[in-house]
Every structure is written in C-alpha cells, then in structure tokens.
Amino acid sequence: MAEKQTILILNFGGQYTQLIARRVRENKVFSEVVPWDISAEEAAAHQPVGLILSGGPSSVSDPNAPRCDPRIFDLGIPILGICYGMQLTADMLGGRVERAGEREYGRVTVRMAERSGLLHGMKEASSCWMSHTWQVSACPPGFRAVAFSENCPIAAMADDDRRIYGVQFHPEVTHTEEGGLLLSNFLYGVCGCRGEWTMKAYADTAVQNIRQTVGENGTVLLALSGGVDSSVAAALIYKAIGDRLRCVFVDHGLLREGESEQVCHVFQRLFPVKFVRADAAKKFFADLKGVTEPEEKRHIIGRDFIEVFRAEAKRLGRLDYFAQGTIYPDVIESGQGTNAAVIKSHHNVGGLPGELGFTELIEPLRMLFKDEVRALGEELGLPKDLVWRQPFPGPGLAIRVIGEVTPEKVRIVQACDAILREEVSRAGLEEAVSQYFAVLTGVHTVGVMGDERTYDYVIALRAVTTDDFMTADWARLPYDLIAAVSNRIVNEVPHASRVVFDVTSKPPASVEWE
Ligand code: XMP
C-alpha cells in the first residue's frame with residue numbers, strides 16, 4: 001500500500017474537534033488531532049496531505065488567544081479553517097475579524113456564491129450550523145468570499161492558488177445538511193485523498209508494528225476485563241505474536257450474568273492466548289463487607305484488582321511488555337490537560353504498569369475511536385455480541401447494588417439485568433439505547449404474593465441515550481417493553497418485589513446510581 005495519508009487537525013479547544021477527526025475518518029482518511037501550538041516542522045514531519053484548524057472558544061482579538069505557528073500557512077499543504085480556525089486564518093494572513101452585529105447560533109441558511117471547489121455540488125442555499133460571536137469582515141489578500149448568510153457576509157472564503165479555505169459554520173455536525181459533502185470536497189477534491197483508511201489496513205499495519213516492537217521472542221502481558229477495548233487489543237496482539245501474549249483476567253465476581261464464561265470461552269477457544277483467570281470473588285466480597293460508601297467501594301476494588309493481578313502476573317514468568325486498551329478519546333483528552341473535577345474516581349489500570357515495573361507499553365488502539373475499535377473487533381473475528389457490548393464500569397455491579405455488596409444481592413441484580421438485556425434484545429433496541437441496566441436500590445417495600453405479605457427489594461431500571469456519556473438523556477423505552485421486564489423480574493427473581501423506571505437525565509444525575 002502507498003504511504004498512509006494523514007489529515008492533521010490543530011486543536012484550538014473547540015467542542016467539536018473530536019467530531020472533525022471522526023468525520024474525516026468516516027471518509028476513509030486517517031486523521032490525527034494535535035495541539036494548536038505544534039511547530040511547522042513538527043506538523044510537516046507527519047507528512048499530512050491536509051490541515052484543519054478547529055474551532056475554539058477564543059476570540060482572535062484577545063492577546064492571549066491561541067495562534068498557530070505562522071509558517072504553517074507557508075507549508076504548501078491545503079488548509080481548512082473552521083469557525084475560530086477561519087477567523088485565525090483571516091487574522092494571520094492580513095484580513096479583518098470583527099464582532100458580529102448579531103450573534104449567530106443554531107441552524108442558519110447559508111448561500112453559496114460559487115458552487116465549485118470546496119463548495120462543489122452544494123445547493124445554492126444550504127442549512128448550516130453556526131455558533132459564533134466574531135466573524136471575518138474582510139478577506140485576506142488572495143482570498144475571495146464564496147458564501148454568505150443574512151448576518152454573516154463572509155460565511156466561507158477561498159484562496160484556490162494556495163489551497164487555503166475557511167468556513168464560519170461547522171461542517172462536522174449533522175445539523176449542517178451538506179457538511180459531509182463539503183468535507184469530502186476538501187479531502188478528495190482539494191487534498192487529493194485516496195480513501196484507503198480501513199480497519200483491514202489498520203489491522204495489518206498494527207500487526208506489523210506490534211511484531212516489530214516485540215521482536216522474535218518478546219512477551220506481552222494484558223489485563224483482560226471482558227470489555228470491548230481490552231478484548232479487541234487481545235485479539236489484535238494475538239494475531240501479531242500468538243501465544244507470546246499472556247492475559248490475566250481478574251474475575252471479581254461482579255460481572256454480569258454469563259460474562260465471565262464468555263470471556264474464558266473466547267480467549268481459550270477462538271483466540272487461544274496463554275490465559276489465567278483469577279477467581280477472586282471471595283476476596284472482593286470479603287473486603288467489601290460492611291462498606292456502603294461508593295467511593296470507598298471503588299478504591300477497595302481498584303486496590304484488590306492490582307493486588308490479585310500482580311500475584312497472577314508473577315506466576316507467568318518473564319514478561320517484556322505491558323499492553324493496554326487505551327483509546328483515542330482518552331489520548332486527546334489527556335493531551336489537552338483538561339482539569340475536569342473528579343466526580344467519580346474511575347477504576348482503571350492506569351498506574352498498573354509502573355507498579356509492576358514495566359517501562360514499555362503497547363497500546364494498539366491508541367489512535368482509534370470507540371466505533372472504530374468495534375469495527376476492528378469484527379474485522380478480527382470477535383463475536384458480534386462481545387464487540388457491540390454496552391459499556392460496563394470497572395467496579396462492576398458493586399456500584400449497582402446500593403449500600404453493602406453481598407453475593408446474594410449481586411445474584412439478584414445479575415438476574416434482573418439479564419432479563420432487561422433479553423427483553424431489550426427481543427425488542428431490537430440494543431443499538432438504539434446506549435446503556436441499560438438494573439439497580440438494586442436497597443429499599444424494601446411491601447407487596448403481596450399469593451396470599452402472603454412480602455417485604456422485599458425495589459429494583460430500578462436505568463436506560464440512557466448519549467453520544468459521549470458526558471451528558472445523557474433517559475431512554476424512552478416503550479411501555480410494553482418496561483411492562484414485560486417488570487413482570488418477569490417480579491415473577492422470576494426471588495426478593496425483587498417492585499420495579500421502578502429512572503426518568504432522570506445527566507446532568508443533574510449521573511448514569512450510574514453510585
Ligand atoms: P456516570 O455514572 O459517571 O457514568 O455518569 C458515565 C459512564 O461511565 C461509566 N462509569 C464507570 N466506568 N469505572 C468505570 O470504568 C467507574 O468507576 C465508573 N463509574 C461510571 C458508566 O457506566 C457510564 O458508562
């Protein structure tokens with residue numbers, strides 16, 4: 001295959017930057033997000049076929065506003081500036097940016113003065129998503145205005161000779177009806193992309209890279225959690241080095257019904273890696289005894305996990321590399337140095353390699369978005385139901401049993417959760433709902449069964465739709481589905497006497513109850 005073509009996205013902190021990267025990749029072109037202050041030399045070293053300057057919250061008139069290396073514009077590589085990226089381009093190349101007479105927000109009709117080049121094939125008037133207070137009021141020398149809206153005289157500008165373009169609206173969001181066409185015009189028409197970025201190509205390159213890094217005899221250790229990312233990482237590394245991949249699966253007894261068995265089945269039969277399952281449920285339950293505070297539960301589970309993992313890993317003998325299923329959104333976010341307040345301390349294996357004395361990390365999914373990880377998993381032949389599994393928190397069902405966690409309560413919540421999953425699947429709604437599960441609330445209520453008075457648990461059902469889990473809405477599950485689940489739970493699960501449905505969005509509520 002010819003050299004991989006890359007689009008480099010300079011990140012000025014806009015909320016849609018990740019989305020731009022995904023849209024480019026949906027066009028089968030590889031894209032990478034880099035900080036806005038990358039030098040022209042560093043940018044050129046990526047050998048990009050095009051650059052995109054993202055949006056951002058700043059205004060170019062602010063002396064502290066982020067400004068890219070001016071030599072970026074002299075590299076001779078095509079550039080598309082979006083929103084702030086366009087304003088910055090105009091400002092740095094000698095145009096003028098001013099506060100808009102009227103702030104534009106939402107869907108705005110944009111009229112195309114030309115329908116060629118960047119705007120090839122677009123309608124004369126197209127609905128576009130705008131969100132800006134500032135705008136370009138005079139194009140820089142060499143540019144011409146190619147689109148306008150009622151309140152924005154220069155909604156797009158073009159310099160075909162230098163192949164530098166700017167758009168005030170956001171082509172990456174779906175509300176911009178022809179945004180996809182504009183991006184593909186830039187990628188294919190302007191940058192000359194060939195569209196060769198596929199999961200098959202990615203898998204081939206990743207396998208080669210892993211082989212090269214690990215060498216002929218090297219061994220790799222991976223913590224399998226049963227989740228999508230670690231499973232896909234395992235399958236990929238297995239393809240590269242076979243049973244020189246050693247996996248440790250810490251079974252804390254807090255997984256969903258049937259999951260522990262599925263993980264063992266897949267990695268003993270389909271991808272026969274050298275595999276250890278540590279059956280540590282007893283230890284986890286013992287250490288969680290009497291603990292009711294959610295953060296304390298998380299810390300105990302995190303600590304126990306490391307302890308058990310370390311003991312099992314030791315038994316595997318000499319291991320050279322530690323593999324992790326880190327994915328691209330984590331990489332972008334950590335690169336941004338975001339200082340988001342810790343709402344919940346997420347249990348992960350972040351500090352583990354260092355503690356185990358590994359200096360070499362293998363992170364074969366580092367450049368992939370979640371949906372790409374799933375596509376890769378399918379490409380590698382992992383079972384569909386594993387690859388499309390909904391997200392599951394590291395501390396598992398411990399944070400879905402409110403209050404003290406006991407084996408009996410976990411069995412109850414497992415049974416309720418299995419019924420919910422079965423019914424959602426029967427209704428064909430698995431892909432329409434982002435995450436759905438049962439919670440054992442810890443509240444007891446009175447009921448009647450036969451002629452007997454009962455006093456048993458309230459089970460809550462939680463189902464949410466979301467793109468990124470930062471915000472979420474409660475899913476409008478059909479009443480008939482909720483009725484079927486409720487009926488089955490109170491009839492089939494001992495000690496579940498009542499079912500309620502959670503109708504709270506995030507914020508203010510979080511997705512999980514603890
Ligand atoms: P929250 O409850 O924070 O959930 O709104 C957002 C997403 O994160 C998952 N979640 C966790 N994942 N360890 C994890 O690995 C945790 O401690 C944890 N808490 C929440 C949750 O399932 C949802 O997908």
# chains A, B, ... in the order shown; residues from 1 in each chain; ligands from 1
$ residues_around --residues "A:Asp243" --least-positions-apart "5" --cutoff "12 Å" --atoms "only C-alpha atoms" --output "VMD selection string"
chain A and resid 217 to 222 234 to 238 267 to 268 271 to 275
$ write_last_selection --atoms "N, CA and C atoms" --output "short mmCIF file (atom, residue, chain, number, x, y, z; two decimals), in the first residue's frame"
data_model
loop_
_atom_site.label_atom_id
_atom_site.label_comp_id
_atom_site.auth_asym_id
_atom_site.auth_seq_id
_atom_site.Cartn_x
_atom_site.Cartn_y
_atom_site.Cartn_z
N ASN A 217 11.16 -12.82 20.18
CA ASN A 217 10.94 -13.62 21.40
C ASN A 217 10.20 -12.90 22.51
N GLY A 218 9.90 -11.62 22.31
CA GLY A 218 9.30 -10.82 23.39
C GLY A 218 7.94 -11.35 23.81
N THR A 219 7.59 -11.08 25.07
CA THR A 219 6.28 -11.49 25.59
C THR A 219 5.52 -10.26 26.07
N VAL A 220 4.19 -10.35 26.04
CA VAL A 220 3.34 -9.21 26.38
C VAL A 220 2.30 -9.64 27.41
N LEU A 221 2.09 -8.77 28.39
CA LEU A 221 1.07 -9.02 29.41
C LEU A 221 -0.11 -8.07 29.21
N LEU A 222 -1.30 -8.62 29.26
CA LEU A 222 -2.50 -7.79 29.09
C LEU A 222 -3.53 -8.11 30.18
N ALA A 234 -6.54 -7.63 22.83
CA ALA A 234 -6.03 -9.00 22.96
C ALA A 234 -6.06 -9.72 21.62
N ALA A 235 -7.18 -9.59 20.91
CA ALA A 235 -7.30 -10.29 19.62
C ALA A 235 -6.24 -9.79 18.64
N LEU A 236 -5.99 -8.50 18.65
CA LEU A 236 -5.02 -7.91 17.73
C LEU A 236 -3.59 -8.36 18.06
N ILE A 237 -3.26 -8.32 19.34
CA ILE A 237 -1.90 -8.71 19.74
C ILE A 237 -1.71 -10.21 19.51
N TYR A 238 -2.77 -10.97 19.74
CA TYR A 238 -2.69 -12.42 19.49
C TYR A 238 -2.37 -12.67 18.02
N PHE A 267 -11.33 -16.47 24.76
CA PHE A 267 -9.86 -16.42 24.77
C PHE A 267 -9.20 -17.76 25.07
N GLN A 268 -10.01 -18.77 25.23
CA GLN A 268 -9.41 -20.11 25.29
C GLN A 268 -9.64 -20.88 24.00
N PHE A 271 -9.33 -17.38 20.42
CA PHE A 271 -8.01 -16.74 20.41
C PHE A 271 -7.23 -17.36 21.57
N PRO A 272 -6.71 -18.56 21.35
CA PRO A 272 -6.12 -19.28 22.50
C PRO A 272 -4.82 -18.67 23.00
N VAL A 273 -4.97 -17.53 23.65
CA VAL A 273 -3.81 -16.88 24.28
C VAL A 273 -3.47 -17.66 25.54
N LYS A 274 -2.27 -17.45 26.06
CA LYS A 274 -1.97 -18.03 27.36
C LYS A 274 -2.74 -17.19 28.37
N PHE A 275 -3.61 -17.82 29.10
CA PHE A 275 -4.67 -17.11 29.78
C PHE A 275 -4.81 -17.60 31.22
#
$ residues_near_ligand --ligand "ligand 1" --cutoff "10 Å" --atoms "only C-alpha atoms and all ligand atoms" --output "number ranges by chain"
A: 227, 294-295, 297-299, 301-302, 342-349, 390-400, 434-437, 464, 466, 468-472, 505-514
$ select_by_dssp --residues "stretch 202-354 of chain A" --states "strand (DSSP E or B)" --output "list of chain:residue names"
A:Val220, A:Leu221, A:Leu222, A:Ala223, A:Leu224, A:Leu245, A:Arg246, A:Cys247, A:Val248, A:Phe249, A:Val250, A:Asp251, A:Lys274, A:Phe275, A:Val276, A:Arg277, A:Ala278, A:Asp279, A:Tyr321, A:Phe322, A:Ala323
$ closest_residue --among "A:Leu288, A:Val167, A:Ile79, A:Cys139" --to "A:Arg303" --atoms "only C-alpha atoms"
A:Leu288
$ closest_residue --among "A:Thr174, A:Ser61, A:Thr213, A:Ser497" --to "A:Ala460" --atoms "only C-alpha atoms"
A:Ser497
$ closest_residue --among "A:Phe73, A:Tyr84, A:Tyr105, A:Phe501" --to "A:Thr17" --atoms "only C-alpha atoms"
A:Tyr84
$ closest_residue --among "A:Phe143, A:Trp197, A:Phe169, A:Trp388" --to "A:Arg111" --atoms "only C-alpha atoms"
A:Phe169
$ closest_atom_pairs --of "stretch 91-127 of chain A" --to "stretch 180-187 of chain A" --cutoff "9 Å" --atoms "only C-alpha atoms" --output "tab-separated table"
residue	atom	partner	partner_atom	distance
A:Gly117	CA	A:Asn185	CA	7.0
A:Leu118	CA	A:Asn185	CA	5.4
A:Leu119	CA	A:Leu182	CA	6.0
A:His120	CA	A:Asn185	CA	6.7
A:Gly121	CA	A:Leu181	CA	7.9
A:Met122	CA	A:Leu181	CA	7.5
$ residues_around --residues "stretch 405-414 of chain A" --least-positions-apart "5" --cutoff "6 Å" --atoms "only C-alpha atoms" --output "list in words"
Arg256, Glu257 and Leu440 of chain A
$ write_last_selection --atoms "C-alpha atoms" --output "PDB file, in the first residue's frame"
ATOM      1  CA  ARG A 256     -22.938  -9.535  34.529  1.00  0.00           C
ATOM      2  CA  GLU A 257     -24.513 -12.952  34.242  1.00  0.00           C
ATOM      3  CA  LEU A 440     -30.738  -2.979  43.419  1.00  0.00           C
TER       4      LEU A 440
END
$ atom_distance --atom1 "atom CA of A:Glu32" --atom2 "atom CA of A:Ser126"
28.6 Å
$ residues_around --residues "A:Gln212" --least-positions-apart "6" --cutoff "12 Å" --atoms "only C-alpha atoms" --output "number ranges by chain"
A: 205-206, 218, 237, 240-241, 362
$ write_last_selection --atoms "N, CA, C and O atoms" --output "tab-separated table (two decimals), in the first residue's frame"
chain	number	residue	atom	x	y	z
A	205	THR	N	-1.33	-2.97	9.52
A	205	THR	CA	-0.22	-2.13	9.98
A	205	THR	C	0.04	-2.35	11.47
A	205	THR	O	1.19	-2.44	11.90
A	206	ALA	N	-1.04	-2.44	12.26
A	206	ALA	CA	-0.87	-2.61	13.71
A	206	ALA	C	-0.15	-3.93	14.00
A	206	ALA	O	0.73	-3.98	14.86
A	218	GLY	N	9.90	-11.62	22.31
A	218	GLY	CA	9.30	-10.82	23.39
A	218	GLY	C	7.94	-11.35	23.81
A	218	GLY	O	7.21	-11.96	23.03
A	237	ILE	N	-3.26	-8.32	19.34
A	237	ILE	CA	-1.90	-8.71	19.74
A	237	ILE	C	-1.71	-10.21	19.51
A	237	ILE	O	-0.64	-10.67	19.08
A	240	ALA	N	-0.70	-10.84	16.14
A	240	ALA	CA	0.68	-10.46	15.85
A	240	ALA	C	1.69	-11.45	16.43
A	240	ALA	O	2.65	-11.81	15.77
A	241	ILE	N	1.47	-11.90	17.66
A	241	ILE	CA	2.52	-12.69	18.31
A	241	ILE	C	2.04	-14.01	18.91
A	241	ILE	O	2.77	-14.67	19.65
A	362	ILE	N	2.45	-1.20	25.30
A	362	ILE	CA	1.90	-1.38	23.95
A	362	ILE	C	0.44	-0.97	24.01
A	362	ILE	O	-0.32	-1.50	24.82
$ atom_distance --atom1 "atom CA of A:Ile489" --atom2 "atom CA of A:Ile419"
7.0 Å
$ atom_distance --atom1 "atom CA of A:Met130" --atom2 "atom CA of A:Asp467"
20.2 Å
$ residues_around --residues "A:Ala203" --least-positions-apart "6" --cutoff "12 Å" --atoms "only C-alpha atoms" --output "count of residues only"
24
$ closest_residue --among "A:Ile82, A:Ala145, A:Ala155, A:Ala138" --to "A:Arg96" --atoms "only C-alpha atoms"
A:Ala138
$ residues_around --residues "A:Asp69" --least-positions-apart "4" --cutoff "8 Å" --atoms "only C-alpha atoms" --output "list in words"
Asp37, Ile38, Ser39 and Ala40 of chain A
$ write_last_selection --atoms "N, CA, C and O atoms" --output "CSV table (one decimal), in the first residue's frame"
chain,number,residue,atom,x,y,z
A,37,ASP,N,-0.3,24.5,19.1
A,37,ASP,CA,1.0,25.2,19.1
A,37,ASP,C,2.1,24.3,18.5
A,37,ASP,O,3.2,24.6,18.6
A,38,ILE,N,1.7,23.3,17.8
A,38,ILE,CA,2.7,22.4,17.1
A,38,ILE,C,3.5,23.3,16.1
A,38,ILE,O,2.9,24.3,15.5
A,39,SER,N,4.8,23.1,16.0
A,39,SER,CA,5.6,23.9,15.1
A,39,SER,C,5.4,23.5,13.7
A,39,SER,O,4.9,22.3,13.4
A,40,ALA,N,5.7,24.3,12.7
A,40,ALA,CA,5.6,24.0,11.3
A,40,ALA,C,6.4,22.7,11.0
A,40,ALA,O,5.9,21.9,10.2
$ select_by_dssp --residues "stretch 91-241 of chain A" --states "alpha helix (DSSP H)" --output "VMD selection string"
chain A and resid 91 to 92 179 to 184 199 to 214 228 to 241
$ write_last_selection --atoms "N, CA and C atoms" --output "CSV table (one decimal), in the first residue's frame"
chain,number,residue,atom,x,y,z
A,91,ASP,N,-7.1,36.5,10.2
A,91,ASP,CA,-6.4,37.5,11.0
A,91,ASP,C,-4.9,37.4,10.7
A,92,MET,N,-4.4,36.1,10.6
A,92,MET,CA,-2.9,36.0,10.5
A,92,MET,C,-2.4,36.2,9.1
A,179,GLY,N,-22.7,19.3,5.2
A,179,GLY,CA,-21.4,19.3,5.8
A,179,GLY,C,-20.5,18.1,5.3
A,180,GLY,N,-21.1,17.0,5.2
A,180,GLY,CA,-20.4,15.8,4.7
A,180,GLY,C,-19.8,16.0,3.3
A,181,LEU,N,-20.6,16.6,2.5
A,181,LEU,CA,-20.2,16.9,1.1
A,181,LEU,C,-19.0,17.9,1.1
A,182,LEU,N,-19.1,18.9,1.9
A,182,LEU,CA,-18.0,19.9,2.0
A,182,LEU,C,-16.7,19.3,2.4
A,183,LEU,N,-16.8,18.5,3.5
A,183,LEU,CA,-15.6,17.8,4.0
A,183,LEU,C,-15.0,16.9,2.9
A,184,SER,N,-15.9,16.2,2.3
A,184,SER,CA,-15.3,15.3,1.2
A,184,SER,C,-14.8,16.1,0.0
A,199,MET,N,-10.3,-0.5,8.4
A,199,MET,CA,-9.9,-1.3,9.5
A,199,MET,C,-9.0,-2.5,9.1
A,200,LYS,N,-9.2,-3.0,7.9
A,200,LYS,CA,-8.4,-4.0,7.5
A,200,LYS,C,-6.9,-3.5,7.3
A,201,ALA,N,-6.8,-2.3,6.7
A,201,ALA,CA,-5.5,-1.7,6.6
A,201,ALA,C,-4.9,-1.4,8.0
A,202,TYR,N,-5.7,-0.9,8.9
A,202,TYR,CA,-5.3,-0.6,10.2
A,202,TYR,C,-4.7,-1.8,10.9
A,203,ALA,N,-5.5,-2.9,10.8
A,203,ALA,CA,-5.1,-4.2,11.5
A,203,ALA,C,-3.8,-4.7,10.9
A,204,ASP,N,-3.6,-4.6,9.6
A,204,ASP,CA,-2.4,-5.1,9.0
A,204,ASP,C,-1.2,-4.3,9.5
A,205,THR,N,-1.3,-3.0,9.5
A,205,THR,CA,-0.2,-2.1,10.0
A,205,THR,C,0.0,-2.3,11.5
A,206,ALA,N,-1.0,-2.4,12.3
A,206,ALA,CA,-0.9,-2.6,13.7
A,206,ALA,C,-0.2,-3.9,14.0
A,207,VAL,N,-0.5,-5.0,13.3
A,207,VAL,CA,0.1,-6.3,13.5
A,207,VAL,C,1.6,-6.2,13.2
A,208,GLN,N,1.9,-5.5,12.1
A,208,GLN,CA,3.4,-5.4,11.7
A,208,GLN,C,4.1,-4.6,12.8
A,209,ASN,N,3.5,-3.5,13.3
A,209,ASN,CA,4.1,-2.7,14.3
A,209,ASN,C,4.4,-3.4,15.6
A,210,ILE,N,3.4,-4.2,16.0
A,210,ILE,CA,3.5,-5.0,17.2
A,210,ILE,C,4.6,-6.0,17.1
A,211,ARG,N,4.7,-6.7,15.9
A,211,ARG,CA,5.8,-7.6,15.7
A,211,ARG,C,7.1,-7.0,15.8
A,212,GLN,N,7.2,-5.8,15.2
A,212,GLN,CA,8.5,-5.1,15.1
A,212,GLN,C,8.9,-4.7,16.6
A,213,THR,N,7.9,-4.1,17.3
A,213,THR,CA,8.3,-3.7,18.7
A,213,THR,C,8.6,-4.8,19.6
A,214,VAL,N,7.9,-5.9,19.5
A,214,VAL,CA,8.1,-7.0,20.5
A,214,VAL,C,9.2,-7.9,20.1
A,228,VAL,N,-14.9,-4.3,25.8
A,228,VAL,CA,-14.7,-4.3,24.3
A,228,VAL,C,-13.2,-3.9,24.0
A,229,ASP,N,-12.7,-2.9,24.7
A,229,ASP,CA,-11.3,-2.4,24.4
A,229,ASP,C,-10.2,-3.5,24.7
A,230,SER,N,-10.3,-4.0,25.9
A,230,SER,CA,-9.2,-5.0,26.2
A,230,SER,C,-9.4,-6.3,25.3
A,231,SER,N,-10.6,-6.6,25.0
A,231,SER,CA,-10.8,-7.8,24.2
A,231,SER,C,-10.3,-7.6,22.8
A,232,VAL,N,-10.5,-6.4,22.2
A,232,VAL,CA,-10.0,-6.2,20.8
A,232,VAL,C,-8.5,-6.1,20.8
A,233,ALA,N,-8.0,-5.4,21.9
A,233,ALA,CA,-6.5,-5.3,22.0
A,233,ALA,C,-5.9,-6.8,22.1
A,234,ALA,N,-6.5,-7.6,22.8
A,234,ALA,CA,-6.0,-9.0,23.0
A,234,ALA,C,-6.1,-9.7,21.6
A,235,ALA,N,-7.2,-9.6,20.9
A,235,ALA,CA,-7.3,-10.3,19.6
A,235,ALA,C,-6.2,-9.8,18.6
A,236,LEU,N,-6.0,-8.5,18.7
A,236,LEU,CA,-5.0,-7.9,17.7
A,236,LEU,C,-3.6,-8.4,18.1
A,237,ILE,N,-3.3,-8.3,19.3
A,237,ILE,CA,-1.9,-8.7,19.7
A,237,ILE,C,-1.7,-10.2,19.5
A,238,TYR,N,-2.8,-11.0,19.7
A,238,TYR,CA,-2.7,-12.4,19.5
A,238,TYR,C,-2.4,-12.7,18.0
A,239,LYS,N,-3.0,-11.9,17.2
A,239,LYS,CA,-2.8,-12.1,15.7
A,239,LYS,C,-1.3,-11.8,15.4
A,240,ALA,N,-0.7,-10.8,16.1
A,240,ALA,CA,0.7,-10.5,15.8
A,240,ALA,C,1.7,-11.4,16.4
A,241,ILE,N,1.5,-11.9,17.7
A,241,ILE,CA,2.5,-12.7,18.3
A,241,ILE,C,2.0,-14.0,18.9
$ decode --residues "stretch 24-37 of chain A" --atoms "N, CA and C atoms" --output "short mmCIF file (atom, residue, chain, number, x, y, z; two decimals), in the first residue's frame"
data_model
loop_
_atom_site.label_atom_id
_atom_site.label_comp_id
_atom_site.auth_asym_id
_atom_site.auth_seq_id
_atom_site.Cartn_x
_atom_site.Cartn_y
_atom_site.Cartn_z
N VAL A 24 -13.58 12.91 9.32
CA VAL A 24 -12.53 12.68 8.32
C VAL A 24 -12.33 11.17 8.16
N ARG A 25 -12.27 10.47 9.28
CA ARG A 25 -12.05 9.02 9.20
C ARG A 25 -13.23 8.30 8.56
N GLU A 26 -14.44 8.84 8.78
CA GLU A 26 -15.60 8.22 8.12
C GLU A 26 -15.47 8.31 6.61
N ASN A 27 -14.68 9.27 6.16
CA ASN A 27 -14.37 9.38 4.72
C ASN A 27 -13.20 8.48 4.32
N LYS A 28 -12.82 7.58 5.21
CA LYS A 28 -11.73 6.64 4.96
C LYS A 28 -10.37 7.33 4.80
N VAL A 29 -10.21 8.42 5.54
CA VAL A 29 -8.93 9.13 5.54
C VAL A 29 -8.47 9.20 7.01
N PHE A 30 -7.22 8.85 7.28
CA PHE A 30 -6.72 8.89 8.65
C PHE A 30 -6.59 10.33 9.11
N SER A 31 -6.95 10.59 10.37
CA SER A 31 -6.79 11.95 10.89
C SER A 31 -6.20 11.88 12.28
N GLU A 32 -5.48 12.90 12.61
CA GLU A 32 -4.86 12.95 13.92
C GLU A 32 -5.06 14.34 14.51
N VAL A 33 -5.40 14.41 15.80
CA VAL A 33 -5.59 15.69 16.47
C VAL A 33 -4.28 16.06 17.16
N VAL A 34 -3.78 17.27 16.91
CA VAL A 34 -2.54 17.71 17.55
C VAL A 34 -2.78 19.06 18.22
N PRO A 35 -1.98 19.42 19.23
CA PRO A 35 -2.18 20.72 19.89
C PRO A 35 -1.97 21.88 18.90
N TRP A 36 -2.65 22.99 19.16
CA TRP A 36 -2.59 24.13 18.24
C TRP A 36 -1.19 24.71 18.11
N ASP A 37 -0.34 24.53 19.14
CA ASP A 37 0.97 25.18 19.11
C ASP A 37 2.06 24.30 18.49
#
